[in-house]
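Please read the structure below before turning to the comments.
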Amino acid sequence: MKIAIVGSGYVGLVTGACFSEVGADVVCVDVDSKKIENLKKGIVPIYEPGLNTIISRNYEKGRLGFTTDIAAAVKEAQIIFISVGTPPDEDGSADLKHVIAVARDCGRHMEDYKLVVTKSTVPVGTSQKVRSAIKEELAKRQESINFDVASNPEFLKEGAAINDFLKPDRIVLGTDSQKAEQLLSKLYKPFTLNGHPIIFMDIVSAEMTKYAANSMLATKISFMNEIANLCEELGANVDDVRKGMGSDTRIGRRFLFAGIGYGGSCFPKDVQALGKTANEHNYDFKILKSVMSVNAKQKTKLVPRLKAYFDGDIKGKTIAMWGLAFKPETDDIREAPALYVIEKLLNLGANIRVFDPEAMPNVKQKLGDKIAYAESMYDALKNAETLIICTEWSVFRTPDFKKVKDLMRGQSIFDGRNLYDIKDIEKEGFDYISIGR
């Protein structure tokens, strides 16, 4: 089966690589010629565990190719996945110009039946816009070619995307065509042999499912952070509360960890987009508004506490920071809480030295020399007045605390991810400030 993946970003590359891994003939398309040439050389533009290996293996076997020629890709492929970016506009709505541009390319270049699948995260109703754009281009050509449109939202976790794709919890497919359903069933059959379900539904419901799922997870995070903030006021321990809540099978343990908020490319954008959709239909989505408000405040929750610790003045103080990515096992810094913390601290006159195993090049591209970049987690600590932890990388979980104390000038740790046991860390001689404990 010949597959074209238009858009060679995070979703597109993972999708293309994993389809080729199970034997499909895949070509990934992108307008960025430098990115395509680098991919041909084995240079992958994102950090995702295992992705480089799968791409290299399947490129060498000839099952995975890369091109800027969308016309040829459309003509040769039977199924075309649209996996381009949908960045948020200022009002929170998703920008669909790249999605519609690909749809028009499909209409311009298709010569026989095609199945066009939206893989990008798109608002409800987008597939109809894709269908209309294709029809318009076919009409300009005075061609009458059959095609179908389907929705196939992705549910990939950055840092675990390969496993998520190869062993999915579920595969959601929205279509109104029996032919499209048969093609997609055949394509996804290798991923369902171990009992992972395909859930077919109408296109609108499939589009809604993606936003509903991410907004529910974001709600759990923000709700737990509100509980953590109340725990601090009452003298309770949010870790114990989380264990008690999470043991209820109706609630579950996942996404109940307190911290300094969620970030990344999915939750912030998808929650905003769903809120925008609700506004467009005159629905006051109060819970979703609260989720966004709580998360915005939570990202910089540690800053006033740090300022109070230093009696209101941190100007000129050297602050070490561990973690820049919005979560571990990725170099993605989109909406990362660390960036919001850095901005606040710089405005207060602090000197900041950071370390992250993967995300520092992306931060340096964004912030330049406004902050210092350490060669190691311990290098970041030299003569620092305090340490702030913003990302729960595993390498930060069991540091040599004696070495930490010897390197630092101060003795405080502000932990935005609750990595350490309170009693243990205080025995090491640190002033330890965490979330909800």
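Residues are referred to by chain and number: the chain letter is A, B, ... according to the order shown in the structure tokens, the number counts from 1 in that chain, and ligands are numbered separately from 1 in the order shown.
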
Item to check | 9 Å contact set for range 5-11 of chain A, only C-alpha atoms, chain neighbours under 3 positions out, as JSON, numbers by chain | outcome: {"A": [14, 15, 16, 26, 27, 28, 29, 30, 31, 32, 35, 36, 45, 46, 48, 66, 70, 73, 79, 80, 81, 82, 83, 84, 85, 102, 119, 120, 154, 156, 158, 161]}

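DSSP secondary structure from the backbone places Leu64, Gly65, Phe66, Thr67, Ile79, Ile80, Phe81 and Ile82 of chain A of range 53-113 of chain A in strand (DSSP E).
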
Residues from last step as file, N, CA and C atoms, as a PDB file, in the first residue's frame:
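The file below, again.pdb, is the result:
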ATOM      1  N   LEU A  64      10.810   3.751   3.121  1.00  0.00           N
ATOM      2  CA  LEU A  64      10.544   5.108   3.597  1.00  0.00           C
ATOM      3  C   LEU A  64      11.366   6.091   2.782  1.00  0.00           C
ATOM      4  N   GLY A  65      10.702   7.044   2.164  1.00  0.00           N
ATOM      5  CA  GLY A  65      11.384   8.053   1.374  1.00  0.00           C
ATOM      6  C   GLY A  65      11.008   9.456   1.809  1.00  0.00           C
ATOM      7  N   PHE A  66      11.769  10.438   1.301  1.00  0.00           N
ATOM      8  CA  PHE A  66      11.531  11.841   1.657  1.00  0.00           C
ATOM      9  C   PHE A  66      11.615  12.687   0.396  1.00  0.00           C
ATOM     10  N   THR A  67      10.698  13.638   0.256  1.00  0.00           N
ATOM     11  CA  THR A  67      10.659  14.453  -0.952  1.00  0.00           C
ATOM     12  C   THR A  67       9.999  15.807  -0.686  1.00  0.00           C
ATOM     13  N   ILE A  79      -3.302   6.546  -0.248  1.00  0.00           N
ATOM     14  CA  ILE A  79      -3.799   7.252   0.939  1.00  0.00           C
ATOM     15  C   ILE A  79      -2.847   8.404   1.240  1.00  0.00           C
ATOM     16  N   ILE A  80      -3.398   9.597   1.454  1.00  0.00           N
ATOM     17  CA  ILE A  80      -2.599  10.792   1.729  1.00  0.00           C
ATOM     18  C   ILE A  80      -2.981  11.306   3.111  1.00  0.00           C
ATOM     19  N   PHE A  81      -2.012  11.325   4.013  1.00  0.00           N
ATOM     20  CA  PHE A  81      -2.240  11.842   5.358  1.00  0.00           C
ATOM     21  C   PHE A  81      -1.787  13.301   5.423  1.00  0.00           C
ATOM     22  N   ILE A  82      -2.650  14.159   5.914  1.00  0.00           N
ATOM     23  CA  ILE A  82      -2.285  15.559   6.139  1.00  0.00           C
ATOM     24  C   ILE A  82      -1.795  15.687   7.579  1.00  0.00           C
TER      25      ILE A  82
END

With 7 Å as the cut-off and only C-alpha atoms counted, what is the closest atom pair between each nearby residue of range 254-331 of chain A and range 388-403 of chain A? Distances in Å to one decimal, ordered by chain and number, as a Markdown table.
| residue | atom | partner | partner_atom | distance |
| --- | --- | --- | --- | --- |
| A:Ala320 | CA | A:Ile388 | CA | 6.2 |
| A:Met321 | CA | A:Ile388 | CA | 4.8 |
| A:Trp322 | CA | A:Ile389 | CA | 4.8 |
| A:Gly323 | CA | A:Thr391 | CA | 4.3 |
| A:Leu324 | CA | A:Thr391 | CA | 6.3 |
| A:Ala325 | CA | A:Thr391 | CA | 6.5 |
| A:Phe326 | CA | A:Thr391 | CA | 6.6 |
| A:Lys327 | CA | A:Thr391 | CA | 5.7 |
| A:Pro328 | CA | A:Trp393 | CA | 4.9 |

Checklist entry - Using only C-alpha atoms, which of A:Ser151, A:Ser247, A:Thr219, A:Thr318 sits nearest Asp270 in chain A? => result A:Thr219

Item to check | 8 Å contact set for range 286-303 of chain A, only C-alpha atoms, chain neighbours under 4 positions out, as a PyMOL selection string | outcome: chain A and resi 215+218-219+222-223+225-226+259-262+268+271-272+275+307+337-338+340-341+344-345+414+416

For the selection you just gave me, I'd like the residues written to a file as a compact mmCIF listing (two decimals), in the first residue's frame, keeping N, CA, C and O atoms.
# COMPACT_ATOMS: atom_id res chain seq x y z
N SER A 215 -8.33 17.72 26.41
CA SER A 215 -8.89 18.67 27.38
C SER A 215 -9.22 17.98 28.70
O SER A 215 -9.09 18.57 29.77
N ALA A 218 -5.90 17.59 30.48
CA ALA A 218 -5.49 18.90 30.99
C ALA A 218 -6.31 19.28 32.22
O ALA A 218 -5.80 19.88 33.17
N THR A 219 -7.58 18.90 32.20
CA THR A 219 -8.45 19.18 33.35
C THR A 219 -7.99 18.43 34.58
O THR A 219 -7.98 18.97 35.70
N SER A 222 -4.90 20.28 35.96
CA SER A 222 -5.22 21.53 36.63
C SER A 222 -6.03 21.31 37.91
O SER A 222 -5.84 22.00 38.92
N PHE A 223 -6.93 20.34 37.89
CA PHE A 223 -7.68 20.02 39.10
C PHE A 223 -6.73 19.59 40.21
O PHE A 223 -6.85 20.03 41.36
N ASN A 225 -3.60 20.31 40.54
CA ASN A 225 -2.81 21.44 41.00
C ASN A 225 -3.62 22.34 41.92
O ASN A 225 -3.08 22.92 42.87
N GLU A 226 -4.92 22.47 41.69
CA GLU A 226 -5.77 23.20 42.62
C GLU A 226 -5.85 22.49 43.97
O GLU A 226 -5.82 23.12 45.03
N GLY A 259 2.25 19.82 40.13
CA GLY A 259 3.47 20.42 39.61
C GLY A 259 3.23 21.85 39.18
O GLY A 259 2.31 22.52 39.65
N ILE A 260 4.06 22.32 38.24
CA ILE A 260 3.96 23.70 37.79
C ILE A 260 3.28 23.78 36.42
O ILE A 260 3.60 24.62 35.60
N GLY A 261 2.31 22.91 36.21
CA GLY A 261 1.45 23.05 35.05
C GLY A 261 1.86 22.25 33.85
O GLY A 261 2.95 21.68 33.78
N TYR A 262 0.97 22.21 32.88
CA TYR A 262 1.24 21.48 31.64
C TYR A 262 1.72 22.44 30.56
O TYR A 262 1.46 23.63 30.59
N PRO A 268 -2.03 22.82 25.55
CA PRO A 268 -2.38 24.24 25.51
C PRO A 268 -3.15 24.61 24.25
O PRO A 268 -4.17 25.31 24.32
N VAL A 271 -6.77 22.75 24.12
CA VAL A 271 -7.73 23.31 25.08
C VAL A 271 -8.22 24.67 24.59
O VAL A 271 -9.42 24.98 24.63
N GLN A 272 -7.28 25.50 24.11
CA GLN A 272 -7.68 26.81 23.57
C GLN A 272 -8.61 26.66 22.37
O GLN A 272 -9.61 27.39 22.25
N GLY A 275 -12.04 25.61 23.41
CA GLY A 275 -12.70 26.78 24.00
C GLY A 275 -13.19 27.75 22.93
O GLY A 275 -14.29 28.30 23.03
N LYS A 307 11.01 34.46 45.67
CA LYS A 307 11.24 35.86 46.01
C LYS A 307 11.08 36.09 47.51
O LYS A 307 11.88 36.80 48.14
N PRO A 337 6.73 25.32 31.05
CA PRO A 337 6.73 26.18 32.24
C PRO A 337 8.08 26.83 32.52
O PRO A 337 8.12 27.97 33.00
N ALA A 338 9.17 26.14 32.22
CA ALA A 338 10.50 26.69 32.47
C ALA A 338 10.69 28.04 31.80
O ALA A 338 11.32 28.95 32.37
N TYR A 340 8.46 30.32 31.17
CA TYR A 340 7.72 31.34 31.90
C TYR A 340 8.44 31.71 33.19
O TYR A 340 8.47 32.89 33.59
N VAL A 341 9.03 30.71 33.84
CA VAL A 341 9.80 30.97 35.06
C VAL A 341 11.02 31.82 34.74
O VAL A 341 11.33 32.79 35.44
N LYS A 344 10.12 35.50 34.17
CA LYS A 344 9.84 36.21 35.43
C LYS A 344 11.14 36.52 36.18
O LYS A 344 11.32 37.63 36.70
N LEU A 345 12.02 35.54 36.23
CA LEU A 345 13.27 35.72 36.99
C LEU A 345 14.18 36.75 36.33
O LEU A 345 14.85 37.53 37.01
N PHE A 414 13.93 24.55 45.00
CA PHE A 414 12.53 24.79 44.65
C PHE A 414 12.15 23.77 43.58
O PHE A 414 12.58 23.87 42.43
N GLY A 416 9.61 22.04 41.27
CA GLY A 416 8.33 22.18 40.60
C GLY A 416 7.74 20.86 40.14
O GLY A 416 6.65 20.86 39.55

Checklist entry - Which polymer residues have any atom within 7 Å of an atom of Ile319 in chain A, counting only C-alpha atoms, with same-chain residues fewer than 3 positions away left out, as a ChimeraX atom specification? => result /A:350-353,384-387

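Minimum distance to Val124 in chain A across A:Leu138, A:Ala212, A:Leu183, A:Ile55 (counting only C-alpha atoms) occurs at A:Ala212.
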
Next on the checklist: I'd like to know which residues of range 176-339 of chain A are helix (DSSP H, G or I) (by DSSP, run on the backbone); could you write them as a ChimeraX atom specification?
Outcome noted: /A:178-192,203-234,238-246,267-280,286-298,302-309,337-339

Residues just named, written with C-alpha atoms as an mmCIF file, in the first residue's frame:
data_model
loop_
_atom_site.group_PDB
_atom_site.id
_atom_site.type_symbol
_atom_site.label_atom_id
_atom_site.label_comp_id
_atom_site.auth_asym_id
_atom_site.auth_seq_id
_atom_site.Cartn_x
_atom_site.Cartn_y
_atom_site.Cartn_z
ATOM 1 C CA GLN A 178 -17.347 2.129 3.205
ATOM 2 C CA LYS A 179 -14.412 2.121 0.788
ATOM 3 C CA ALA A 180 -12.396 4.402 3.080
ATOM 4 C CA GLU A 181 -13.242 2.201 6.060
ATOM 5 C CA GLN A 182 -11.979 -0.891 4.215
ATOM 6 C CA LEU A 183 -8.719 0.830 3.205
ATOM 7 C CA LEU A 184 -8.033 2.101 6.707
ATOM 8 C CA SER A 185 -8.864 -1.277 8.243
ATOM 9 C CA LYS A 186 -6.307 -2.884 5.930
ATOM 10 C CA LEU A 187 -3.672 -0.240 6.661
ATOM 11 C CA TYR A 188 -4.072 -0.510 10.436
ATOM 12 C CA LYS A 189 -4.479 -4.295 10.604
ATOM 13 C CA PRO A 190 -0.842 -4.889 11.755
ATOM 14 C CA PHE A 191 -1.496 -2.643 14.763
ATOM 15 C CA THR A 192 -4.636 -4.481 15.855
ATOM 16 C CA ILE A 203 -15.950 12.351 10.947
ATOM 17 C CA VAL A 204 -17.254 15.085 13.240
ATOM 18 C CA SER A 205 -17.124 12.782 16.267
ATOM 19 C CA ALA A 206 -13.554 11.728 15.430
ATOM 20 C CA GLU A 207 -12.450 15.367 15.240
ATOM 21 C CA MET A 208 -14.155 16.070 18.559
ATOM 22 C CA THR A 209 -12.601 13.018 20.249
ATOM 23 C CA LYS A 210 -9.061 14.407 19.978
ATOM 24 C CA TYR A 211 -9.918 17.726 21.619
ATOM 25 C CA ALA A 212 -12.110 16.087 24.244
ATOM 26 C CA ALA A 213 -9.373 13.617 25.251
ATOM 27 C CA ASN A 214 -6.613 16.216 25.591
ATOM 28 C CA SER A 215 -8.895 18.665 27.378
ATOM 29 C CA MET A 216 -9.916 15.954 29.859
ATOM 30 C CA LEU A 217 -6.259 15.195 30.638
ATOM 31 C CA ALA A 218 -5.486 18.899 30.991
ATOM 32 C CA THR A 219 -8.453 19.178 33.347
ATOM 33 C CA LYS A 220 -7.091 16.385 35.543
ATOM 34 C CA ILE A 221 -3.742 18.154 35.768
ATOM 35 C CA SER A 222 -5.224 21.535 36.633
ATOM 36 C CA PHE A 223 -7.683 20.022 39.098
ATOM 37 C CA MET A 224 -4.830 18.246 40.877
ATOM 38 C CA ASN A 225 -2.811 21.444 40.998
ATOM 39 C CA GLU A 226 -5.771 23.201 42.623
ATOM 40 C CA ILE A 227 -5.939 20.382 45.170
ATOM 41 C CA ALA A 228 -2.190 20.797 45.752
ATOM 42 C CA ASN A 229 -2.595 24.534 46.355
ATOM 43 C CA LEU A 230 -5.367 23.848 48.866
ATOM 44 C CA CYS A 231 -3.216 21.164 50.533
ATOM 45 C CA GLU A 232 -0.570 23.794 51.192
ATOM 46 C CA GLU A 233 -3.130 26.008 52.911
ATOM 47 C CA LEU A 234 -4.482 23.144 55.047
ATOM 48 C CA VAL A 238 -0.832 16.113 47.984
ATOM 49 C CA ASP A 239 1.178 12.916 47.424
ATOM 50 C CA ASP A 240 -0.961 11.076 49.948
ATOM 51 C CA VAL A 241 -4.132 12.611 48.545
ATOM 52 C CA ARG A 242 -3.111 11.534 45.048
ATOM 53 C CA LYS A 243 -2.571 7.944 46.165
ATOM 54 C CA GLY A 244 -5.948 7.878 47.834
ATOM 55 C CA MET A 245 -7.685 9.324 44.799
ATOM 56 C CA GLY A 246 -5.777 7.336 42.205
ATOM 57 C CA PHE A 267 -2.692 20.423 25.618
ATOM 58 C CA PRO A 268 -2.379 24.243 25.511
ATOM 59 C CA LYS A 269 -3.300 24.477 21.835
ATOM 60 C CA ASP A 270 -6.107 21.922 21.943
ATOM 61 C CA VAL A 271 -7.731 23.314 25.083
ATOM 62 C CA GLN A 272 -7.675 26.814 23.568
ATOM 63 C CA ALA A 273 -9.079 25.548 20.278
ATOM 64 C CA LEU A 274 -11.920 23.673 21.969
ATOM 65 C CA GLY A 275 -12.700 26.778 23.996
ATOM 66 C CA LYS A 276 -12.749 28.832 20.794
ATOM 67 C CA THR A 277 -15.114 26.324 19.171
ATOM 68 C CA ALA A 278 -17.422 26.554 22.185
ATOM 69 C CA ASN A 279 -17.430 30.362 21.937
ATOM 70 C CA GLU A 280 -18.278 30.199 18.236
ATOM 71 C CA LYS A 286 -16.697 27.353 32.232
ATOM 72 C CA ILE A 287 -14.675 24.299 33.251
ATOM 73 C CA LEU A 288 -12.337 24.715 30.286
ATOM 74 C CA LYS A 289 -11.833 28.405 31.030
ATOM 75 C CA SER A 290 -10.889 27.498 34.596
ATOM 76 C CA VAL A 291 -8.434 24.853 33.386
ATOM 77 C CA MET A 292 -6.604 27.442 31.287
ATOM 78 C CA SER A 293 -6.631 30.021 34.079
ATOM 79 C CA VAL A 294 -5.299 27.588 36.683
ATOM 80 C CA ASN A 295 -2.542 26.397 34.377
ATOM 81 C CA ALA A 296 -1.400 29.911 33.508
ATOM 82 C CA LYS A 297 -1.022 30.790 37.208
ATOM 83 C CA GLN A 298 0.558 27.457 38.113
ATOM 84 C CA LEU A 302 7.384 29.041 42.481
ATOM 85 C CA VAL A 303 8.566 32.557 41.615
ATOM 86 C CA PRO A 304 6.810 34.490 44.430
ATOM 87 C CA ARG A 305 7.839 31.769 46.890
ATOM 88 C CA LEU A 306 11.448 32.084 45.765
ATOM 89 C CA LYS A 307 11.236 35.863 46.010
ATOM 90 C CA ALA A 308 9.840 35.598 49.546
ATOM 91 C CA TYR A 309 12.623 33.183 50.512
ATOM 92 C CA PRO A 337 6.727 26.180 32.243
ATOM 93 C CA ALA A 338 10.500 26.690 32.474
ATOM 94 C CA LEU A 339 10.339 29.474 29.886
#

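Distance-wise, CA of Pro197 in chain A and CA of Leu173 in chain A end up 10.7 Å apart.
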
Next on the checklist: If we count only C-alpha atoms and set the cut-off at 9 Å, which residues sit around Pro87 in chain A, ignoring sequence neighbours fewer than 2 positions away in its own chain? Please answer as a ChimeraX atom specification.
Outcome noted: /A:85,89,93-96,265,269

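The smallest atom-to-atom distance between Glu111 in chain A and any of A:Val99, A:Val74, A:Val44, A:Ile134, using only C-alpha atoms, is found for A:Val74.
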
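In this comparison, which uses only C-alpha atoms, the residue of A:Tyr378, A:Lys114, A:Asp176, A:Pro361 approaching Tyr47 in chain A most closely is A:Pro361.
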
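Using only C-alpha atoms for every distance, the candidate list A:Ser56, A:Lys317, A:Asp331, A:Ser376 yields A:Ser56 as the residue closest to Asn38 in chain A.
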
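Picture a line from CA of Leu419 in chain A to CA of Phe257 in chain A; it runs 10.7 Å.
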